[in-house]
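What follows is a set of notes on a single structure, which appears directly below.
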Amino acid sequence: MADDPNTHKQALFTQYYARFYTEFYRYAFYFMGNAEDAEDAVSEAITLAYAKFESLRDRDKFKFWFIKILQNACKSRLRERSATVIPLYNEEDEPIDIPDKSAVDPETRTALRQMLDRLKPDDKNIVLLSVQGGYSSDEIASMLGMTAGNVRVRLHRALGALRNGLAAI
């Protein structure tokens, strides 16, 4: 009985995905604003990534590659969402990991998420990739098709806007 190539592909994909799945979900959660949409975006990204997995030449870049696919899935879902829908957050949502530790109480977390939602999509993406994903400005620049300097400037401005917003609360 010969080895089934699909079984090998599935096992290999699962192995890579399992190493980062919590980071992928967390990224989608903060990008989308709620658990249901995040789960849908991750599911869509998994389907797309699995279909294209054989085209990934450098498996060491799986995380980076998957995040790009997830990013596109999130953006696609946001475009489908009605412009009048405002995400609501409850106290059971996970806290966002930001350098400013004042975001521990539910009221501050809610305010922070609302401020994140008001950022330009690319700026929000840069903050999430940097703070949540731990990516460098060079890696983010490559993902978003920007220069590393532009990423650093936009990150600095976006974090400043978030800090100012939190200080006003």
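The way I read the labels, and the way they are meant: chains A, B, ... in the order of the structure tokens, residue 1 as the first residue of every chain, and ligand 1 as the first ligand shown, with later ones counted on from there.
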What's around segment 143-149 of chain A at 9 Å? Count only C-alpha atoms, leave out sequence neighbours fewer than 5 positions away in its own chain, and write the answer as an mmCIF file with N, CA and C atoms, in the first residue's frame.
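Resulting contents of out_31.cif:
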```
data_model
loop_
_atom_site.group_PDB
_atom_site.id
_atom_site.type_symbol
_atom_site.label_atom_id
_atom_site.label_comp_id
_atom_site.auth_asym_id
_atom_site.auth_seq_id
_atom_site.Cartn_x
_atom_site.Cartn_y
_atom_site.Cartn_z
ATOM 1 N N PHE A 64 4.526 33.658 8.380
ATOM 2 C CA PHE A 64 4.462 34.897 7.610
ATOM 3 C C PHE A 64 3.487 34.732 6.441
ATOM 4 N N TRP A 65 3.601 33.626 5.733
ATOM 5 C CA TRP A 65 2.763 33.316 4.567
ATOM 6 C C TRP A 65 1.299 33.189 4.974
ATOM 7 N N ILE A 67 -0.185 34.415 7.673
ATOM 8 C CA ILE A 67 -0.701 35.716 8.127
ATOM 9 C C ILE A 67 -1.158 36.546 6.933
ATOM 10 N N LYS A 68 -0.418 36.515 5.839
ATOM 11 C CA LYS A 68 -0.833 37.263 4.642
ATOM 12 C C LYS A 68 -2.170 36.744 4.120
ATOM 13 N N ASP A 122 -4.795 50.027 7.360
ATOM 14 C CA ASP A 122 -3.380 49.670 7.338
ATOM 15 C C ASP A 122 -2.699 49.989 8.665
ATOM 16 N N ASN A 125 -3.699 47.383 11.106
ATOM 17 C CA ASN A 125 -2.978 46.174 10.736
ATOM 18 C C ASN A 125 -1.530 46.224 11.227
ATOM 19 N N ILE A 126 -0.889 47.358 11.064
ATOM 20 C CA ILE A 126 0.493 47.529 11.518
ATOM 21 C C ILE A 126 0.582 47.353 13.035
ATOM 22 N N SER A 136 8.676 42.378 13.056
ATOM 23 C CA SER A 136 9.538 43.555 12.950
ATOM 24 C C SER A 136 8.977 44.487 11.875
ATOM 25 N N SER A 137 9.470 45.701 11.855
ATOM 26 C CA SER A 137 9.007 46.653 10.841
ATOM 27 C C SER A 137 9.384 46.174 9.442
ATOM 28 N N ASP A 138 10.526 45.492 9.306
ATOM 29 C CA ASP A 138 10.911 44.946 7.999
ATOM 30 C C ASP A 138 9.923 43.876 7.540
ATOM 31 N N ARG A 154 4.234 55.031 10.860
ATOM 32 C CA ARG A 154 2.802 54.801 11.039
ATOM 33 C C ARG A 154 2.518 54.099 12.374
#
```
Go through A:Lys75, A:Arg157, A:Arg118, A:Lys52 and flag the residue nearest Ala38 of chain A, using only C-alpha atoms for the distances. A:Lys75
Please report the interatomic distance between atom CA of Pro5 of chain A and atom CA of Lys61 of chain A in Å with one decimal. 21.8 Å
Got a sec to tell me which of chain A DSSP assigns to alpha helix (DSSP H), as JSON, numbers by chain? {"A": [5, 6, 7, 8, 9, 10, 11, 12, 13, 14, 15, 16, 17, 18, 19, 20, 21, 22, 23, 24, 25, 26, 27, 28, 29, 30, 31, 32, 35, 36, 37, 38, 39, 40, 41, 42, 43, 44, 45, 46, 47, 48, 49, 50, 51, 52, 62, 63, 64, 65, 66, 67, 68, 69, 70, 71, 72, 73, 74, 75, 76, 77, 78, 79, 80, 106, 107, 108, 109, 110, 111, 112, 113, 114, 115, 116, 117, 118, 121, 122, 123, 124, 125, 126, 127, 137, 138, 139, 140, 141, 142, 143, 144, 148, 149, 150, 151, 152, 153, 154, 155, 156, 157, 158, 159, 160, 161, 162, 163, 164, 165, 166, 167]}
Coordinates-based distance that separates atom CA of Glu44 of chain A from atom CA of Arg77 of chain A (Å, one decimal):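 Separation of atom CA of Arg77 of chain A and atom CA of Glu44 of chain A: 9.7 Å.
Interatomic distance, atom CA of Gln71 of chain A to atom CA of Arg163 of chain A: 24.8 Å.
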Shortest contact to Gly33 of chain A, candidates A:Asn150, A:His156, A:Gln114, A:Leu119, atoms counted only C-alpha atoms, goes to A:Gln114
My list of candidates is A:Asp60, A:Asp4, A:Glu23, A:Glu80. Which is closest to Asp37 of chain A when distances are computed with only C-alpha atoms?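 Using only C-alpha atoms, the shortest distance to Asp37 of chain A belongs to A:Glu80.
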Which one is closest to Ala28 of chain A: A:Ala161, A:Cys74, A:Leu129, A:Leu155? Count only C-alpha atoms.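 Distance minimum relative to Ala28 of chain A lands on A:Cys74.
Of the listed residues A:Phe24, A:Phe13, A:Phe31, A:Phe62, the one whose atoms come nearest to Pro121 of chain A is A:Phe31, with distances taken using only C-alpha atoms.
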Closest of A:Ser55, A:Ala73, A:Tyr27, A:Asp123 to Ser43 of chain A, counting only C-alpha atoms, is A:Ala73
